[in-house]
>>> print(open('input-v2.pdb').read())   # PDB, N, CA and C atoms, pLDDT in the B column
ATOM      1  N   MET A   1      99.048  97.208 120.549  1.00 51.00           N
ATOM      2  CA  MET A   1     100.130  97.275 119.602  1.00 51.00           C
ATOM      3  C   MET A   1     101.187  98.243 120.092  1.00 51.00           C
ATOM      4  N   LYS A   2     102.408  97.867 119.905  1.00 61.00           N
ATOM      5  CA  LYS A   2     103.488  98.742 120.327  1.00 61.00           C
ATOM      6  C   LYS A   2     103.699  99.906 119.365  1.00 61.00           C
ATOM      7  N   ASN A   3     103.725  99.605 118.087  1.00 67.00           N
ATOM      8  CA  ASN A   3     104.081 100.640 117.125  1.00 67.00           C
ATOM      9  C   ASN A   3     102.920 100.879 116.158  1.00 67.00           C
ATOM     10  N   ASP A   4     101.894 101.549 116.631  1.00 74.00           N
ATOM     11  CA  ASP A   4     100.776 101.881 115.746  1.00 74.00           C
ATOM     12  C   ASP A   4     100.767 103.379 115.452  1.00 74.00           C
ATOM     13  N   LYS A   5     101.964 103.930 115.307  1.00 77.00           N
ATOM     14  CA  LYS A   5     102.109 105.363 115.075  1.00 77.00           C
ATOM     15  C   LYS A   5     101.485 105.783 113.746  1.00 77.00           C
ATOM     16  N   HIS A   6     101.615 104.940 112.732  1.00 79.00           N
ATOM     17  CA  HIS A   6     101.087 105.258 111.401  1.00 79.00           C
ATOM     18  C   HIS A   6     100.054 104.217 110.979  1.00 79.00           C
ATOM     19  N   LYS A   7      99.165 103.863 111.887  1.00 83.00           N
ATOM     20  CA  LYS A   7      98.200 102.802 111.626  1.00 83.00           C
ATOM     21  C   LYS A   7      97.236 103.185 110.511  1.00 83.00           C
ATOM     22  N   PHE A   8      96.662 104.370 110.566  1.00 86.00           N
ATOM     23  CA  PHE A   8      95.681 104.777 109.568  1.00 86.00           C
ATOM     24  C   PHE A   8      96.329 105.038 108.216  1.00 86.00           C
ATOM     25  N   LEU A   9      97.576 105.499 108.217  1.00 87.00           N
ATOM     26  CA  LEU A   9      98.286 105.697 106.956  1.00 87.00           C
ATOM     27  C   LEU A   9      98.426 104.371 106.212  1.00 87.00           C
ATOM     28  N   SER A  10      98.795 103.318 106.909  1.00 88.00           N
ATOM     29  CA  SER A  10      98.954 102.008 106.276  1.00 88.00           C
ATOM     30  C   SER A  10      97.628 101.475 105.759  1.00 88.00           C
ATOM     31  N   VAL A  11      96.584 101.629 106.559  1.00 90.00           N
ATOM     32  CA  VAL A  11      95.266 101.115 106.161  1.00 90.00           C
ATOM     33  C   VAL A  11      94.741 101.859 104.940  1.00 90.00           C
ATOM     34  N   PHE A  12      94.794 103.191 104.968  1.00 91.00           N
ATOM     35  CA  PHE A  12      94.264 103.968 103.851  1.00 91.00           C
ATOM     36  C   PHE A  12      95.112 103.819 102.590  1.00 91.00           C
ATOM     37  N   LEU A  13      96.397 103.530 102.722  1.00 91.00           N
ATOM     38  CA  LEU A  13      97.240 103.289 101.558  1.00 91.00           C
ATOM     39  C   LEU A  13      96.780 102.036 100.817  1.00 91.00           C
ATOM     40  N   VAL A  14      96.531 100.968 101.550  1.00 92.00           N
ATOM     41  CA  VAL A  14      96.083  99.716 100.932  1.00 92.00           C
ATOM     42  C   VAL A  14      94.670  99.853 100.375  1.00 92.00           C
ATOM     43  N   VAL A  15      93.780 100.479 101.148  1.00 93.00           N
ATOM     44  CA  VAL A  15      92.402 100.660 100.689  1.00 93.00           C
ATOM     45  C   VAL A  15      92.364 101.557  99.452  1.00 93.00           C
ATOM     46  N   GLY A  16      93.162 102.619  99.452  1.00 93.00           N
ATOM     47  CA  GLY A  16      93.216 103.510  98.292  1.00 93.00           C
ATOM     48  C   GLY A  16      93.734 102.804  97.051  1.00 93.00           C
ATOM     49  N   PHE A  17      94.719 101.929  97.219  1.00 94.00           N
ATOM     50  CA  PHE A  17      95.235 101.169  96.088  1.00 94.00           C
ATOM     51  C   PHE A  17      94.161 100.268  95.494  1.00 94.00           C
ATOM     52  N   ILE A  18      93.442  99.554  96.343  1.00 93.00           N
ATOM     53  CA  ILE A  18      92.422  98.618  95.865  1.00 93.00           C
ATOM     54  C   ILE A  18      91.268  99.351  95.196  1.00 93.00           C
ATOM     55  N   ILE A  19      90.765 100.392  95.846  1.00 93.00           N
ATOM     56  CA  ILE A  19      89.646 101.136  95.276  1.00 93.00           C
ATOM     57  C   ILE A  19      90.072 101.852  93.991  1.00 93.00           C
ATOM     58  N   GLY A  20      91.285 102.408  93.981  1.00 93.00           N
ATOM     59  CA  GLY A  20      91.768 103.074  92.780  1.00 93.00           C
ATOM     60  C   GLY A  20      91.915 102.121  91.606  1.00 93.00           C
ATOM     61  N   ALA A  21      92.394 100.913  91.860  1.00 93.00           N
ATOM     62  CA  ALA A  21      92.515  99.925  90.785  1.00 93.00           C
ATOM     63  C   ALA A  21      91.145  99.527  90.249  1.00 93.00           C
ATOM     64  N   CYS A  22      90.171  99.398  91.135  1.00 93.00           N
ATOM     65  CA  CYS A  22      88.806  99.071  90.693  1.00 93.00           C
ATOM     66  C   CYS A  22      88.215 100.204  89.860  1.00 93.00           C
ATOM     67  N   ILE A  23      88.429 101.426  90.289  1.00 91.00           N
ATOM     68  CA  ILE A  23      87.939 102.571  89.522  1.00 91.00           C
ATOM     69  C   ILE A  23      88.646 102.639  88.172  1.00 91.00           C
ATOM     70  N   GLY A  24      89.939 102.310  88.141  1.00 90.00           N
ATOM     71  CA  GLY A  24      90.667 102.261  86.870  1.00 90.00           C
ATOM     72  C   GLY A  24      90.086 101.244  85.905  1.00 90.00           C
ATOM     73  N   MET A  25      89.664 100.076  86.402  1.00 91.00           N
ATOM     74  CA  MET A  25      89.048  99.075  85.532  1.00 91.00           C
ATOM     75  C   MET A  25      87.700  99.551  85.010  1.00 91.00           C
ATOM     76  N   ILE A  26      86.938 100.233  85.849  1.00 90.00           N
ATOM     77  CA  ILE A  26      85.640 100.756  85.413  1.00 90.00           C
ATOM     78  C   ILE A  26      85.834 101.837  84.356  1.00 90.00           C
ATOM     79  N   ILE A  27      86.801 102.728  84.570  1.00 88.00           N
ATOM     80  CA  ILE A  27      87.076 103.774  83.589  1.00 88.00           C
ATOM     81  C   ILE A  27      87.531 103.158  82.268  1.00 88.00           C
ATOM     82  N   CYS A  28      88.315 102.101  82.343  1.00 88.00           N
ATOM     83  CA  CYS A  28      88.790 101.424  81.137  1.00 88.00           C
ATOM     84  C   CYS A  28      87.622 100.881  80.321  1.00 88.00           C
ATOM     85  N   ASP A  29      86.620 100.331  80.994  1.00 88.00           N
ATOM     86  CA  ASP A  29      85.460  99.797  80.282  1.00 88.00           C
ATOM     87  C   ASP A  29      84.658 100.898  79.593  1.00 88.00           C
ATOM     88  N   PHE A  30      84.441 101.987  80.288  1.00 87.00           N
ATOM     89  CA  PHE A  30      83.585 103.042  79.737  1.00 87.00           C
ATOM     90  C   PHE A  30      84.284 103.882  78.677  1.00 87.00           C
ATOM     91  N   LEU A  31      85.571 104.134  78.827  1.00 85.00           N
ATOM     92  CA  LEU A  31      86.264 105.034  77.908  1.00 85.00           C
ATOM     93  C   LEU A  31      87.136 104.313  76.879  1.00 85.00           C
ATOM     94  N   ASP A  32      87.160 102.995  76.905  1.00 83.00           N
ATOM     95  CA  ASP A  32      87.948 102.187  75.973  1.00 83.00           C
ATOM     96  C   ASP A  32      89.417 102.605  75.944  1.00 83.00           C
ATOM     97  N   LEU A  33      89.984 102.748  77.125  1.00 81.00           N
ATOM     98  CA  LEU A  33      91.406 103.074  77.240  1.00 81.00           C
ATOM     99  C   LEU A  33      92.208 101.794  77.446  1.00 81.00           C
ATOM    100  N   ASN A  34      93.515 101.914  77.392  1.00 87.00           N
ATOM    101  CA  ASN A  34      94.406 100.792  77.666  1.00 87.00           C
ATOM    102  C   ASN A  34      94.245 100.390  79.133  1.00 87.00           C
ATOM    103  N   ILE A  35      94.034  99.099  79.389  1.00 87.00           N
ATOM    104  CA  ILE A  35      93.750  98.656  80.753  1.00 87.00           C
ATOM    105  C   ILE A  35      94.943  98.849  81.685  1.00 87.00           C
ATOM    106  N   GLY A  36      96.147  98.661  81.209  1.00 87.00           N
ATOM    107  CA  GLY A  36      97.330  98.858  82.053  1.00 87.00           C
ATOM    108  C   GLY A  36      97.474 100.305  82.483  1.00 87.00           C
ATOM    109  N   PHE A  37      97.242 101.212  81.555  1.00 87.00           N
ATOM    110  CA  PHE A  37      97.324 102.643  81.858  1.00 87.00           C
ATOM    111  C   PHE A  37      96.225 103.043  82.843  1.00 87.00           C
ATOM    112  N   SER A  38      95.013 102.570  82.626  1.00 88.00           N
ATOM    113  CA  SER A  38      93.881 102.949  83.482  1.00 88.00           C
ATOM    114  C   SER A  38      94.047 102.436  84.910  1.00 88.00           C
ATOM    115  N   ILE A  39      94.453 101.185  85.049  1.00 89.00           N
ATOM    116  CA  ILE A  39      94.621 100.610  86.387  1.00 89.00           C
ATOM    117  C   ILE A  39      95.770 101.300  87.122  1.00 89.00           C
ATOM    118  N   ALA A  40      96.876 101.530  86.405  1.00 91.00           N
ATOM    119  CA  ALA A  40      98.019 102.181  87.047  1.00 91.00           C
ATOM    120  C   ALA A  40      97.681 103.602  87.481  1.00 91.00           C
ATOM    121  N   LEU A  41      97.003 104.340  86.625  1.00 91.00           N
ATOM    122  CA  LEU A  41      96.633 105.713  86.962  1.00 91.00           C
ATOM    123  C   LEU A  41      95.632 105.746  88.113  1.00 91.00           C
ATOM    124  N   GLY A  42      94.628 104.871  88.073  1.00 92.00           N
ATOM    125  CA  GLY A  42      93.641 104.823  89.151  1.00 92.00           C
ATOM    126  C   GLY A  42      94.247 104.407  90.476  1.00 92.00           C
ATOM    127  N   ALA A  43      95.118 103.412  90.453  1.00 93.00           N
ATOM    128  CA  ALA A  43      95.767 102.954  91.686  1.00 93.00           C
ATOM    129  C   ALA A  43      96.689 104.032  92.245  1.00 93.00           C
ATOM    130  N   GLY A  44      97.377 104.744  91.364  1.00 93.00           N
ATOM    131  CA  GLY A  44      98.261 105.824  91.816  1.00 93.00           C
ATOM    132  C   GLY A  44      97.495 106.943  92.500  1.00 93.00           C
ATOM    133  N   PHE A  45      96.397 107.370  91.890  1.00 94.00           N
ATOM    134  CA  PHE A  45      95.584 108.413  92.520  1.00 94.00           C
ATOM    135  C   PHE A  45      94.934 107.914  93.802  1.00 94.00           C
ATOM    136  N   GLY A  46      94.519 106.647  93.824  1.00 94.00           N
ATOM    137  CA  GLY A  46      93.940 106.078  95.040  1.00 94.00           C
ATOM    138  C   GLY A  46      94.934 106.038  96.183  1.00 94.00           C
ATOM    139  N   MET A  47      96.172 105.650  95.883  1.00 93.00           N
ATOM    140  CA  MET A  47      97.199 105.626  96.931  1.00 93.00           C
ATOM    141  C   MET A  47      97.531 107.038  97.399  1.00 93.00           C
ATOM    142  N   LEU A  48      97.562 107.995  96.468  1.00 94.00           N
ATOM    143  CA  LEU A  48      97.833 109.374  96.842  1.00 94.00           C
ATOM    144  C   LEU A  48      96.759 109.901  97.797  1.00 94.00           C
ATOM    145  N   LEU A  49      95.501 109.654  97.472  1.00 94.00           N
ATOM    146  CA  LEU A  49      94.418 110.067  98.374  1.00 94.00           C
ATOM    147  C   LEU A  49      94.490 109.326  99.700  1.00 94.00           C
ATOM    148  N   GLY A  50      94.837 108.040  99.669  1.00 93.00           N
ATOM    149  CA  GLY A  50      94.984 107.264 100.902  1.00 93.00           C
ATOM    150  C   GLY A  50      96.089 107.794 101.786  1.00 93.00           C
ATOM    151  N   ILE A  51      97.201 108.198 101.180  1.00 92.00           N
ATOM    152  CA  ILE A  51      98.312 108.760 101.948  1.00 92.00           C
ATOM    153  C   ILE A  51      97.893 110.062 102.614  1.00 92.00           C
ATOM    154  N   VAL A  52      97.205 110.914 101.856  1.00 93.00           N
ATOM    155  CA  VAL A  52      96.780 112.203 102.419  1.00 93.00           C
ATOM    156  C   VAL A  52      95.791 112.002 103.564  1.00 93.00           C
ATOM    157  N   MET A  53      94.771 111.185 103.341  1.00 92.00           N
ATOM    158  CA  MET A  53      93.757 110.977 104.381  1.00 92.00           C
ATOM    159  C   MET A  53      94.352 110.285 105.604  1.00 92.00           C
ATOM    160  N   GLY A  54      95.152 109.251 105.407  1.00 90.00           N
ATOM    161  CA  GLY A  54      95.764 108.544 106.526  1.00 90.00           C
ATOM    162  C   GLY A  54      96.721 109.414 107.310  1.00 90.00           C
ATOM    163  N   SER A  55      97.494 110.242 106.620  1.00 91.00           N
ATOM    164  CA  SER A  55      98.431 111.135 107.307  1.00 91.00           C
ATOM    165  C   SER A  55      97.707 112.163 108.152  1.00 91.00           C
ATOM    166  N   VAL A  56      96.632 112.726 107.606  1.00 92.00           N
ATOM    167  CA  VAL A  56      95.872 113.728 108.361  1.00 92.00           C
ATOM    168  C   VAL A  56      95.244 113.110 109.601  1.00 92.00           C
ATOM    169  N   ILE A  57      94.666 111.929 109.467  1.00 90.00           N
ATOM    170  CA  ILE A  57      94.039 111.272 110.617  1.00 90.00           C
ATOM    171  C   ILE A  57      95.083 110.917 111.667  1.00 90.00           C
ATOM    172  N   ASP A  58      96.224 110.364 111.243  1.00 89.00           N
ATOM    173  CA  ASP A  58      97.286 110.025 112.206  1.00 89.00           C
ATOM    174  C   ASP A  58      97.844 111.264 112.885  1.00 89.00           C
ATOM    175  N   TYR A  59      98.011 112.344 112.135  1.00 90.00           N
ATOM    176  CA  TYR A  59      98.541 113.583 112.704  1.00 90.00           C
ATOM    177  C   TYR A  59      97.590 114.138 113.767  1.00 90.00           C
ATOM    178  N   GLU A  60      96.301 114.170 113.459  1.00 90.00           N
ATOM    179  CA  GLU A  60      95.321 114.666 114.424  1.00 90.00           C
ATOM    180  C   GLU A  60      95.265 113.776 115.659  1.00 90.00           C
ATOM    181  N   ARG A  61      95.332 112.467 115.467  1.00 87.00           N
ATOM    182  CA  ARG A  61      95.279 111.541 116.597  1.00 87.00           C
ATOM    183  C   ARG A  61      96.513 111.700 117.491  1.00 87.00           C
ATOM    184  N   GLN A  62      97.674 111.867 116.884  1.00 86.00           N
ATOM    185  CA  GLN A  62      98.897 112.036 117.674  1.00 86.00           C
ATOM    186  C   GLN A  62      98.892 113.364 118.418  1.00 86.00           C
ATOM    187  N   ASN A  63      98.364 114.418 117.775  1.00 87.00           N
ATOM    188  CA  ASN A  63      98.279 115.709 118.467  1.00 87.00           C
ATOM    189  C   ASN A  63      97.339 115.637 119.663  1.00 87.00           C
ATOM    190  N   LYS A  64      96.221 114.945 119.495  1.00 86.00           N
ATOM    191  CA  LYS A  64      95.264 114.810 120.598  1.00 86.00           C
ATOM    192  C   LYS A  64      95.885 114.042 121.762  1.00 86.00           C
ATOM    193  N   GLU A  65      96.619 112.965 121.437  1.00 82.00           N
ATOM    194  CA  GLU A  65      97.284 112.189 122.495  1.00 82.00           C
ATOM    195  C   GLU A  65      98.366 113.018 123.176  1.00 82.00           C
ATOM    196  N   ARG A  66      99.098 113.792 122.398  1.00 82.00           N
ATOM    197  CA  ARG A  66     100.174 114.611 122.955  1.00 82.00           C
ATOM    198  C   ARG A  66      99.604 115.704 123.865  1.00 82.00           C
ATOM    199  N   GLU A  67      98.498 116.334 123.461  1.00 83.00           N
ATOM    200  CA  GLU A  67      97.875 117.373 124.284  1.00 83.00           C
ATOM    201  C   GLU A  67      97.319 116.794 125.577  1.00 83.00           C
ATOM    202  N   SER A  68      96.734 115.600 125.491  1.00 82.00           N
ATOM    203  CA  SER A  68      96.174 114.996 126.702  1.00 82.00           C
ATOM    204  C   SER A  68      97.287 114.574 127.666  1.00 82.00           C
ATOM    205  N   SER A  69      98.422 114.147 127.128  1.00 78.00           N
ATOM    206  CA  SER A  69      99.517 113.762 128.011  1.00 78.00           C
ATOM    207  C   SER A  69     100.170 114.985 128.647  1.00 78.00           C
ATOM    208  N   LEU A  70     100.193 116.107 127.937  1.00 76.00           N
ATOM    209  CA  LEU A  70     100.769 117.330 128.486  1.00 76.00           C
ATOM    210  C   LEU A  70      99.855 117.956 129.547  1.00 76.00           C
ATOM    211  N   SER A  71      98.549 117.812 129.370  1.00 75.00           N
ATOM    212  CA  SER A  71      97.618 118.401 130.327  1.00 75.00           C
ATOM    213  C   SER A  71      97.598 117.640 131.668  1.00 75.00           C
ATOM    214  N   THR A  72      98.024 116.369 131.650  1.00 71.00           N
ATOM    215  CA  THR A  72      98.028 115.600 132.889  1.00 71.00           C
ATOM    216  C   THR A  72      99.280 115.847 133.716  1.00 71.00           C
ATOM    217  N   ILE A  73     100.291 116.475 133.095  1.00 63.00           N
ATOM    218  CA  ILE A  73     101.563 116.709 133.809  1.00 63.00           C
ATOM    219  C   ILE A  73     101.436 117.867 134.766  1.00 63.00           C
TER
END
>>> encode(input="input-v2.pdb", output="structure tokens")
Amino acid sequence: MKNDKHKFLSVFLVVGFIIGACIGMIICDFLDLNIGFSIALGAGFGMLLGIVMGSVIDYERQNKERESSLSTI
């Protein structure tokens, strides 16, 4: 791939959205909350966690690649 600079960020964003929406539906069943509110809140928190995890992984991977390229010069 030419442009996989933010590959893990994209993957974790989508995965966080899906898992967060599923958790929102489960919370809605157990706590008898409004389903729209529960799914939206769960998906939002899932995407937020996905962004954080994906950004950290991409940042570490880019730093490792940058250090290895500098050490070969």
>>> closest_residue(input="input-v2.pdb", among="A:Lys64, A:Asp29, A:Phe17, A:Tyr59", to="Gly42 (chain A)", atoms="only N, CA and C atoms")
A:Phe17
>>> atom_distance(input="input-v2.pdb", atom1="CA of Phe12 (chain A)", atom2="CA of Ile27 (chain A)")
21.5 Å
>>> residues_around(input="input-v2.pdb", residues="Ile39 (chain A)", least_positions_apart="2", cutoff="6 Å", atoms="only C-alpha atoms", output="list in words")
Ala21, Gly24, Met25, Gly36, Phe37, Leu41, Gly42 and Ala43 of chain A
>>> atom_distance(input="input-v2.pdb", atom1="CA of Arg61 (chain A)", atom2="CA of Cys22 (chain A)")
29.5 Å
>>> residues_around(input="input-v2.pdb", residues="Gly46 (chain A)", least_positions_apart="2", cutoff="9 Å", atoms="only C-alpha atoms", output="list in words")
Leu13, Val14, Val15, Gly16, Phe17, Ile18, Ile19, Gly20, Ala21, Ile23, Leu41, Gly42, Ala43, Gly44, Leu48, Leu49, Gly50 and Ile51 of chain A
>>> select_by_dssp(input="input-v2.pdb", residues="chain A", states="alpha helix (DSSP H)", output="ChimeraX atom specification")
/A:7-31,35-71
>>> closest_residue(input="input-v2.pdb", among="A:Lys7, A:Ala40, A:Asp58, A:Val52", to="Cys28 (chain A)", atoms="only C-alpha atoms")
A:Ala40
>>> atom_distance(input="input-v2.pdb", atom1="atom N of Asn63 (chain A)", atom2="CA of Asp4 (chain A)")
12.9 Å
